[in-house]
Structure formats: structure tokens, C-alpha cells
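> Sharing model_39.cif (mmCIF, C-alpha atoms and all ligand atoms) below.
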```cif
data_upload
loop_
_atom_site.label_atom_id
_atom_site.label_comp_id
_atom_site.auth_asym_id
_atom_site.auth_seq_id
_atom_site.Cartn_x
_atom_site.Cartn_y
_atom_site.Cartn_z
CA MET A 1 75.60 155.33 66.14
CA THR A 2 73.33 158.29 65.49
CA GLN A 3 74.00 161.58 67.24
CA ASP A 4 71.41 164.20 68.11
CA SER A 5 73.21 167.18 66.59
CA SER A 6 71.31 169.86 68.53
CA SER A 7 72.46 168.60 71.93
CA GLY A 8 75.53 166.68 70.83
CA ARG A 9 74.21 163.73 72.82
CA LEU A 10 73.10 160.30 71.72
CA SER A 11 69.54 160.21 70.57
CA VAL A 12 67.68 157.03 71.40
CA ARG A 13 64.43 155.80 69.82
CA THR A 14 61.63 157.71 71.55
CA ASP A 15 59.49 154.56 71.90
CA LEU A 16 62.17 153.03 74.16
CA SER A 17 60.98 155.40 76.89
CA LEU A 18 57.88 153.16 77.15
CA ILE A 19 60.06 150.19 78.09
CA ASP A 20 61.73 149.56 81.43
CA LEU A 21 64.60 147.23 82.21
CA TYR A 22 63.36 143.84 83.35
CA ASP A 23 62.93 143.90 87.13
CA SER A 24 64.42 140.63 88.27
CA GLU A 25 64.55 141.24 92.05
CA VAL A 26 68.15 140.11 92.30
CA THR A 27 68.41 140.04 96.10
CA ALA A 28 68.97 136.44 97.14
CA CYS A 29 66.24 134.67 99.06
CA ALA A 30 66.55 131.36 100.98
CA ILE A 31 63.58 129.86 99.12
CA ASP A 32 62.88 131.30 95.67
CA LEU A 33 59.38 130.42 94.44
CA SER A 34 59.20 133.39 92.08
CA ASP A 35 60.27 132.25 88.61
CA ASN A 36 58.79 128.78 87.88
CA THR A 37 62.18 127.13 87.34
CA ASN A 38 62.74 123.51 88.40
CA LEU A 39 63.29 123.58 92.17
CA TRP A 40 64.40 119.93 92.17
CA GLY A 41 67.49 120.98 90.22
CA VAL A 42 69.16 120.21 86.90
CA ALA A 43 68.40 117.35 84.51
CA PRO A 44 71.13 114.81 85.55
CA SER A 45 72.58 114.04 82.09
CA ALA A 46 73.05 117.76 81.46
CA ALA A 47 74.83 118.09 84.81
CA ALA A 48 77.11 115.13 83.95
CA MET A 49 77.89 116.62 80.53
CA LEU A 50 78.85 119.94 82.14
CA ARG A 51 81.15 118.18 84.61
CA ASP A 52 83.08 116.35 81.88
CA LEU A 53 83.03 119.13 79.31
CA PRO A 54 85.69 118.91 76.59
CA ALA A 55 87.21 122.40 76.90
CA ALA A 56 88.34 122.32 73.26
CA THR A 57 84.69 122.76 72.22
CA ILE A 58 84.75 126.46 73.07
CA SER A 59 87.71 127.65 70.99
CA ARG A 60 85.50 127.46 67.89
CA TYR A 61 82.10 128.93 67.06
CA PRO A 62 79.11 126.72 67.71
CA SER A 63 76.92 125.43 64.89
CA ALA A 64 75.31 128.55 63.33
CA TYR A 65 71.74 127.33 63.83
CA ALA A 66 72.42 124.56 66.40
CA SER A 67 71.89 121.61 64.05
CA GLU A 68 72.74 118.90 66.63
CA LEU A 69 70.35 120.45 69.12
CA LYS A 70 67.68 120.58 66.42
CA ASP A 71 68.21 116.87 65.77
CA ALA A 72 67.82 116.10 69.49
CA ILE A 73 64.64 118.21 69.74
CA ALA A 74 63.32 116.44 66.62
CA ARG A 75 63.90 113.07 68.35
CA TYR A 76 62.28 114.36 71.56
CA LEU A 77 59.13 115.68 69.83
CA ASP A 78 59.08 113.24 66.90
CA VAL A 79 59.05 115.96 64.22
CA GLU A 80 61.39 116.86 61.33
CA PRO A 81 64.53 118.89 62.25
CA ALA A 82 63.55 121.36 59.49
CA MET A 83 60.53 122.30 61.61
CA ILE A 84 62.67 123.54 64.51
CA VAL A 85 64.20 126.92 65.31
CA THR A 86 66.33 127.25 68.44
CA GLY A 87 67.27 130.33 70.43
CA CYS A 88 68.95 131.86 73.46
CA GLY A 89 65.94 130.99 75.61
CA SER A 90 62.47 130.80 74.11
CA ASP A 91 62.31 134.56 74.70
CA ASP A 92 64.79 134.84 71.81
CA VAL A 93 62.55 132.67 69.60
CA LEU A 94 59.44 134.71 70.52
CA ASP A 95 61.24 138.01 69.90
CA SER A 96 62.63 136.79 66.56
CA ALA A 97 59.23 135.50 65.44
CA ILE A 98 57.62 138.86 66.20
CA ARG A 99 60.38 140.66 64.29
CA ALA A 100 59.98 138.31 61.32
CA TYR A 101 56.20 138.59 60.99
CA GLY A 102 55.30 141.99 62.48
CA ARG A 103 55.84 145.30 60.73
CA PRO A 104 56.09 148.56 62.71
CA GLY A 105 52.61 150.05 63.24
CA GLU A 106 50.85 146.68 63.13
CA ALA A 107 49.23 145.04 66.14
CA LEU A 108 49.88 141.91 68.21
CA VAL A 109 46.88 140.50 70.05
CA LEU A 110 47.11 138.47 73.26
CA SER A 111 44.93 137.43 76.18
CA ASP A 112 44.94 139.36 79.43
CA PRO A 113 46.57 138.37 81.71
CA SER A 114 49.33 136.48 79.94
CA PHE A 115 53.14 136.39 79.63
CA SER A 116 54.45 139.85 80.56
CA MET A 117 57.37 139.80 78.11
CA ILE A 118 55.16 139.69 75.01
CA PRO A 119 53.96 143.34 75.07
CA VAL A 120 57.63 144.32 75.57
CA PHE A 121 58.81 142.32 72.53
CA ALA A 122 55.88 143.73 70.51
CA ARG A 123 56.81 147.33 71.35
CA LEU A 124 60.52 146.72 70.65
CA SER A 125 59.51 145.70 67.12
CA GLY A 126 57.27 148.76 66.78
CA LEU A 127 54.05 146.77 67.17
CA VAL A 128 51.10 147.76 69.32
CA PRO A 129 50.05 145.12 71.88
CA ILE A 130 46.28 144.67 72.10
CA HIS A 131 44.83 142.75 75.06
CA VAL A 132 41.59 140.78 74.83
CA PRO A 133 39.81 139.05 77.73
CA PHE A 134 39.29 135.30 78.00
CA GLY A 135 35.88 133.95 77.01
CA ALA A 136 33.13 133.59 79.61
CA ASP A 137 34.06 129.88 79.91
CA GLY A 138 37.67 130.82 80.73
CA GLU A 139 38.87 129.56 77.33
CA ILE A 140 40.64 131.40 74.52
CA ASP A 141 37.94 133.10 72.43
CA PRO A 142 39.06 133.12 68.75
CA ALA A 143 36.38 135.66 67.79
CA LEU A 144 37.84 138.25 70.19
CA PHE A 145 41.31 137.71 68.72
CA ASN A 146 39.95 138.24 65.22
CA THR A 147 38.30 141.57 66.07
CA ALA A 148 41.69 143.08 66.98
CA ASP A 149 42.88 143.51 63.36
CA ALA A 150 46.33 142.21 64.33
CA THR A 151 48.99 140.37 62.33
CA ILE A 152 50.27 138.24 65.22
CA ALA A 153 48.24 136.40 67.87
CA TYR A 154 49.91 135.10 71.02
CA THR A 155 48.47 132.44 73.32
CA CYS A 156 50.08 130.55 76.17
CA SER A 157 48.88 127.15 77.44
CA PRO A 158 49.22 126.46 80.33
CA ASN A 159 49.05 130.22 80.71
CA ASN A 160 51.51 132.28 82.72
CA PRO A 161 50.51 133.71 85.24
CA THR A 162 47.08 132.05 85.70
CA GLY A 163 48.13 128.40 85.25
CA ALA A 164 45.06 127.61 83.13
CA SER A 165 45.46 125.37 80.11
CA PHE A 166 43.19 125.70 77.09
CA ALA A 167 41.31 123.30 74.83
CA SER A 168 43.23 122.41 71.68
CA SER A 169 39.98 122.88 69.74
CA HIS A 170 39.86 126.60 70.64
CA ILE A 171 43.48 127.20 69.62
CA GLU A 172 42.82 125.19 66.49
CA ALA A 173 39.86 127.43 65.65
CA LEU A 174 42.10 130.45 66.18
CA ALA A 175 44.76 128.95 63.88
CA SER A 176 42.28 128.37 61.08
CA GLU A 177 40.45 131.73 61.39
CA PHE A 178 43.26 134.17 62.22
CA ALA A 179 44.86 135.90 59.23
CA GLY A 180 48.43 135.95 60.49
CA LEU A 181 50.99 134.22 62.69
CA VAL A 182 49.60 132.35 65.71
CA ILE A 183 52.14 131.76 68.48
CA VAL A 184 51.30 129.05 71.00
CA ASP A 185 53.69 129.31 73.96
CA CYS A 186 54.14 125.82 75.44
CA ALA A 187 56.71 126.76 78.12
CA TYR A 188 54.81 124.66 80.67
CA ALA A 189 53.70 121.83 78.34
CA GLU A 190 55.63 119.13 80.22
CA PHE A 191 53.61 119.85 83.38
CA ALA A 192 50.17 119.86 81.75
CA SER A 193 47.71 117.00 82.07
CA ARG A 194 45.56 118.54 79.32
CA PRO A 195 47.51 117.81 76.12
CA MET A 196 47.90 120.35 73.32
CA ALA A 197 47.57 118.92 69.78
CA ARG A 198 50.53 119.27 67.40
CA LEU A 199 48.87 122.08 65.44
CA THR A 200 52.01 122.58 63.35
CA ASP A 201 51.25 119.38 61.43
CA ARG A 202 48.10 120.96 59.96
CA PHE A 203 48.60 124.74 60.11
CA ASP A 204 51.46 126.55 58.38
CA ASN A 205 50.76 129.77 60.33
CA VAL A 206 51.40 128.29 63.80
CA LEU A 207 54.61 128.49 65.83
CA MET A 208 54.68 126.45 69.05
CA THR A 209 57.44 127.58 71.40
CA HIS A 210 59.12 125.54 74.14
CA THR A 211 61.86 126.05 76.71
CA MET A 212 64.47 124.03 78.59
CA SER A 213 64.25 126.59 81.43
CA LYS A 214 61.35 125.06 83.30
CA ALA A 215 60.83 121.26 83.33
CA PHE A 216 64.47 120.44 82.40
CA GLY A 217 65.99 122.77 84.98
CA LEU A 218 68.35 124.50 82.52
CA ALA A 219 67.26 128.15 82.88
CA GLY A 220 70.85 129.34 83.31
CA LEU A 221 71.90 127.84 79.98
CA ARG A 222 69.26 129.81 78.02
CA ILE A 223 67.83 127.26 75.58
CA GLY A 224 64.48 127.58 73.87
CA TYR A 225 62.97 126.41 70.61
CA GLY A 226 60.02 126.81 68.30
CA VAL A 227 58.26 124.27 66.10
CA GLY A 228 56.55 125.26 62.88
CA HIS A 229 56.36 124.81 59.11
CA PRO A 230 59.89 124.76 57.60
CA ASP A 231 59.20 127.95 55.57
CA LEU A 232 58.15 129.77 58.73
CA VAL A 233 61.10 128.49 60.74
CA VAL A 234 63.60 129.69 58.11
CA GLN A 235 62.25 133.26 58.28
CA ILE A 236 62.53 133.25 62.08
CA GLU A 237 66.10 131.97 61.84
CA LYS A 238 66.92 134.98 59.65
CA THR A 239 65.75 137.50 62.26
CA ARG A 240 67.28 135.44 65.09
CA GLY A 241 70.69 135.34 63.44
CA PRO A 242 73.49 132.76 63.73
CA TYR A 243 75.35 131.51 66.83
CA LYS A 244 72.66 132.33 69.40
CA VAL A 245 72.92 129.00 71.22
CA ASN A 246 76.39 128.52 72.72
CA SER A 247 78.18 125.19 72.34
CA ILE A 248 78.19 124.31 76.05
CA ALA A 249 74.47 124.91 76.41
CA ALA A 250 73.76 122.91 73.25
CA LEU A 251 75.80 119.91 74.48
CA ALA A 252 74.03 119.87 77.85
CA ALA A 253 70.59 120.29 76.28
CA VAL A 254 71.17 117.43 73.82
CA ALA A 255 72.23 115.15 76.70
CA ALA A 256 69.12 116.08 78.69
CA LEU A 257 66.69 115.68 75.76
CA ASP A 258 68.12 112.27 74.87
CA ASN A 259 68.39 110.84 78.39
CA ASP A 260 66.37 112.72 81.00
CA ARG A 261 62.77 112.29 79.86
CA THR A 262 62.08 109.90 82.76
CA TRP A 263 63.70 112.27 85.24
CA VAL A 264 61.42 115.07 84.00
CA ASP A 265 58.31 112.84 84.16
CA GLU A 266 59.10 111.83 87.74
CA ARG A 267 59.61 115.44 88.85
CA VAL A 268 56.33 116.38 87.16
CA LEU A 269 54.45 113.68 89.11
CA GLU A 270 56.00 114.86 92.36
CA MET A 271 55.17 118.48 91.48
CA ARG A 272 51.50 117.61 90.83
CA GLU A 273 51.26 115.79 94.16
CA ASN A 274 52.78 118.76 96.00
CA ARG A 275 50.58 121.19 94.09
CA SER A 276 47.33 119.56 95.18
CA ARG A 277 48.62 119.22 98.75
CA PHE A 278 49.69 122.88 98.73
CA VAL A 279 46.30 123.97 97.35
CA GLY A 280 44.66 122.08 100.23
CA CYS A 281 46.87 123.89 102.76
CA LEU A 282 45.99 127.26 101.17
CA ALA A 283 42.28 126.44 101.48
CA ASP A 284 42.86 125.67 105.17
CA ILE A 285 44.15 129.22 105.70
CA GLY A 286 41.26 130.76 103.76
CA LEU A 287 42.89 131.22 100.34
CA ASP A 288 41.39 130.17 97.03
CA PRO A 289 44.01 129.70 94.26
CA LEU A 290 43.04 129.45 90.58
CA PRO A 291 43.05 125.94 89.09
CA SER A 292 46.50 125.25 87.62
CA ASP A 293 47.86 122.84 85.02
CA ALA A 294 51.43 124.18 85.45
CA ASN A 295 54.24 124.08 88.05
CA PHE A 296 52.91 127.18 89.82
CA ILE A 297 49.67 128.46 91.25
CA LEU A 298 48.17 131.93 91.25
CA VAL A 299 46.44 132.88 94.45
CA PRO A 300 44.43 136.10 94.85
CA VAL A 301 45.25 138.03 98.07
CA GLU A 302 43.91 141.32 99.38
CA LYS A 303 47.28 143.01 99.96
CA PRO A 304 49.69 141.46 97.45
CA VAL A 305 52.57 143.93 97.90
CA LEU A 306 52.52 143.81 101.70
CA THR A 307 52.12 140.02 101.76
CA GLY A 308 54.97 139.64 99.26
CA GLU A 309 57.22 141.84 101.41
CA ARG A 310 56.41 139.88 104.54
CA LEU A 311 57.12 136.59 102.78
CA ARG A 312 60.43 138.00 101.61
CA GLY A 313 61.22 138.95 105.20
CA ALA A 314 60.63 135.30 106.07
CA GLY A 315 63.10 134.25 103.35
CA ILE A 316 60.57 133.30 100.68
CA ALA A 317 60.33 134.98 97.28
CA VAL A 318 57.11 134.82 95.24
CA ARG A 319 55.96 136.82 92.22
CA VAL A 320 53.68 139.70 93.21
CA PHE A 321 50.93 141.00 90.91
CA ARG A 322 49.30 144.23 92.11
CA ASP A 323 46.17 144.11 89.99
CA LEU A 324 45.51 141.51 87.29
CA PRO A 325 42.46 142.05 85.04
CA GLY A 326 39.51 140.03 86.31
CA ILE A 327 41.56 138.71 89.25
CA GLY A 328 42.93 141.64 91.25
CA GLY A 329 45.97 141.39 93.50
CA ALA A 330 47.63 137.97 93.50
CA LEU A 331 50.76 135.98 94.23
CA ARG A 332 52.27 133.49 91.79
CA ILE A 333 54.01 130.69 93.65
CA THR A 334 56.25 128.03 92.05
CA ILE A 335 55.68 124.46 93.25
CA GLY A 336 58.83 122.70 94.48
CA PRO A 337 59.90 120.02 96.99
CA TRP A 338 57.51 119.73 99.92
CA TRP A 339 59.78 121.31 102.54
CA MET A 340 59.70 124.54 100.52
CA MET A 341 55.91 124.49 100.19
CA GLU A 342 55.50 123.79 103.89
CA ALA A 343 57.71 126.78 104.74
CA CYS A 344 55.68 128.88 102.31
CA VAL A 345 52.31 127.97 103.85
CA ASP A 346 53.69 128.68 107.29
CA ALA A 347 55.04 132.11 106.26
CA LEU A 348 51.86 132.92 104.33
CA GLN A 349 49.68 132.19 107.34
CA LYS A 350 51.82 134.57 109.44
CA SER A 351 51.94 137.21 106.70
CA LEU A 352 48.17 137.33 106.32
CA SER A 353 47.32 137.66 110.01
C1 LIG B 401 59.50 131.05 81.49
C2 LIG B 401 58.70 131.35 80.27
C3 LIG B 401 59.30 131.36 79.02
C4 LIG B 401 60.69 130.95 78.85
O1 LIG B 401 61.64 131.63 78.79
P1 LIG B 401 63.14 131.25 78.39
O2 LIG B 401 63.55 132.46 77.66
O3 LIG B 401 63.11 130.03 77.53
O4 LIG B 401 63.83 131.03 79.69
C5 LIG B 401 58.53 131.58 77.89
N1 LIG B 401 57.21 131.79 78.01
C6 LIG B 401 56.61 131.75 79.21
C7 LIG B 401 55.15 131.93 79.27
C8 LIG B 401 57.34 131.55 80.37
O5 LIG B 401 56.71 131.57 81.55
#
```
How does this structure look as C-alpha cells?
Ligand SMILES: *Cc1c(COP(=O)(O)O)cnc(C)c1O


Amino acid sequence: MTQDSSSGRLSVRTDLSLIDLYDSEVTACAIDLSDNTNLWGVAPSAAAMLRDLPAATISRYPSAYASELKDAIARYLDVEPAMIVTGCGSDDVLDSAIRAYGRPGEALVLSDPSFSMIPVFARLSGLVPIHVPFGADGEIDPALFNTADATIAYTCSPNNPTGASFASSHIEALASEFAGLVIVDCAYAEFASRPMARLTDRFDNVLMTHTMSKAFGLAGLRIGYGVGHPDLVVQIEKTRGPYKVNSIAALAAVAALDNDRTWVDERVLEMRENRSRFVGCLADIGLDPLPSDANFILVPVEKPVLTGERLRGAGIAVRVFRDLPGIGGALRITIGPWWMMEACVDALQKSLS
């Protein structure tokens, strides 16, 4: 620990003053549509594994780099285990990748709006986040990314918070033109009807990240992973460090990956059905959400903060955005079982009047 000798108090990095604690709105809400987790619940094989857990597994350290989990992910994605890096949530993988490939003072370029944690991870590693707009066609524009003079490019498809998914060809162009690491965040890949090509087969500068927090319903276990060239993955494992995935989480995740693919697919179909029905209901009350290929929709509203507060008063939590570039004030709403969506439409209608 370093001490500031003049005051005798701890001296913290000055750039940490730019970073706030994550605001997670911890107050409980009857219906929580704010964080895009699986509102149908937990992948059943993971739940069964947790019920029958052999307690002896926790007296020892887990596998340093979660080799059994890597094997299960390799089976799930049909890639080599050497192409996989795991982490305590995909946030851990993203953070570790940025630390491995970004040097302090360099830049990280990302679209605006996109995943809010990325500028935070960039700053924590001493990098400067640079935002670029989407192209006029709503796609990722590789040329804009290249003008930023950055060493890391981050894209997210389907994108959080807009829900838009992007053409593989555009991300592919970015991967071949960008002189640095290209991160493709696939947190919502299981929900997308527009498939993303396995760019990692052809590009050694691409890391595709995934999570068990959304489609598999395991957010509380904190499991994420990245797929990339084995040389890239090894460097990210160095900055991640050993023992980041605990043994209980790994056991449950392996069970879910091996056995719950059908369960996930069925929930995805139900989600899509509810999403289009919900979008129809929003149109009926005069709202016009952005097209979404994920398990949430983003809907522009005139008074996002007030509407969000009123919804909360009615027992419904959504994610409030005060002013998104090119969009303005908006609410991000997770799609769940129909009774939740019905309650949300009802409360929205009352909140807007
Ligand atoms: C939810 C989310 C994640 C996942 O986070 P975990 O740390 O795996 O829970 C990553 N990226 C995006 C864009 C997300 O929305």
C-alpha cells in the first residue's frame, strides 16, 4: 500500500476519480425487467447439479483455468478447448483482454451507444475510450473505427442497449482492416436470428465473448468465456489469473452446456413470440421501440426518468437511459413470460398519461 506522506493518508490513483461504483439499483421490485437475465429461470440441469452438490468439491481449489468448463464450452461451440478463456462473468474476460492488449495512454474505440461497462474497463487500464457513431445504414462502420487510432476495437452484436444485430460482413471487414484486437461481444448471441460468423477461425486478432448470465439463466454464478486464437487466449489467461471460476459455478455450467441446449432454444422461441406481441402492445399505446434481435427492447420515451420512477412505483423495474446519442431518452425492457409483459404494458400506459 502506498501512503501519501504529506497528509499521512492513503493516496489513490487520481484517474479513479473518473469512475463511479456500479449503480445496481438494489431495491427489490416485484417484476425486474432491468438487467436482461433469463426471467424464465435457471437452466434445469444446472439447478439439479446445485441441488445434489458434492460438498467435498469445495475444500480444494478449482481447476486453475477451468479446464473441464473449457471442454464443455468446446463441445457446445464445436471449437478446440485451446481457443477458450473463461472468467468470473464475461466482464472478467473483457477486462482481462483489455489489460492484456491495451497499454496506458492508448485508445479503445467502440460504437455509441454500446455496453456501458467497456469505457469503465478501458479507463481502469489507463486507456482512453473513443466513441464512434454507427454508419448511416445502422451497421458497424469499419472506416470510422479505423480513424480512431486505437489499439482495441469493441463491438457488440446484438448490441446492448439498442438490440440491433450487425452483419457478419461488416465485423469481418473490421477484423481484417483494424490494426489491433477486435472484441466481438456475443452476450445475446443465443437470442439472435441473424447469425454471427465464427470469425475466430479466420482472424487471429478477434476475441468473441459469451456469457452464461443471459440465455442460460446463471447470472448469479458469474460465468463468461471468450473464444479466440490459442496464442491470444493464453495472454488473456495471464492477465485474468488463476482460480477465477469457482468449482460450484463450473459444475453447474458444464451440466447446463451439456444438457440444456433444448431448454435454452425453447425459451428463446417463447421470448421472440412475447417480444413481437409486446412491441405490438407498445405501438397500440403510441410507442415506437427500436428493432431488436435480443431478449430486450429499447423504447424511446419523452420523460425517461419520470416514467421509470412511475413504473417502479407500480412494482416494475426497467433500465432508464436519460439521453442516448441519436436516440434521446429511452427505457430498456427485458422480455420475459407474458404475464410480466402484460403488467409492464399496463403500467407503462398509466405512467405515460
Ligand atoms: C450482460 C452483458 C454481459 C455479461 O456479463 P457477465 O459478466 O457475463 O454477467 C456482457 N456484455 C454485454 C453487452 C452484456 O449485456

> Nearest to Ser157 of chain A among A:Gly217, A:Pro195, A:Pro81, A:Gly41, with distances taken over only C-alpha atoms: which residue is it?

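For Ser157 of chain A, the nearest of the candidates is A:Pro195.
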
> Residues within 7 Å of ligand LIG 401 (chain B) (only C-alpha atoms and all ligand atoms), as an MDAnalysis selection string?

chainID A and resid 36 88:92 115 156 159:160 185 187 210:214 219 222:224

> If you take all atoms listed in the file and a cut-off of 10 Å, which residues of segment 70-113 of chain A touch segment 196-203 of chain A, and what are their nearest atom pairs and distances in Å to one decimal, in chain and number order, as a tab-separated table?


```
residue	atom	partner	partner_atom	distance
A:Leu77	CA	A:Arg198	CA	9.6
A:Val79	CA	A:Asp201	CA	9.0
A:Met83	CA	A:Thr200	CA	8.7
```

> Save out the residues we just selected, C-alpha atoms, as a PDB file, keeping the file's coordinate frame.


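After the write, out-v7.pdb holds the following:
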```pdb
ATOM      1  CA  LEU A  77      59.130 115.680  69.830  1.00  0.00           C
ATOM      2  CA  VAL A  79      59.050 115.960  64.220  1.00  0.00           C
ATOM      3  CA  MET A  83      60.530 122.300  61.610  1.00  0.00           C
TER       4      MET A  83
END
```

> Identify which of the residues A:Leu18, A:Leu50, A:Leu69, A:Val206 lies closest to Glu177 of chain A, counting all atoms listed in the file when measuring atom-to-atom distances.

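Checking each candidate against Glu177 of chain A, we get A:Val206 as the closest.
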
> Would you list the residues near (50.3, 118.1, 88.3), meaning any protein, DNA or RNA residue with an atom at most 7 Å from that point in file coordinates, counting only C-alpha atoms, as a VMD selection string?

chain A and resid 191 to 193 268 to 269 271 to 273 275 293 to 294
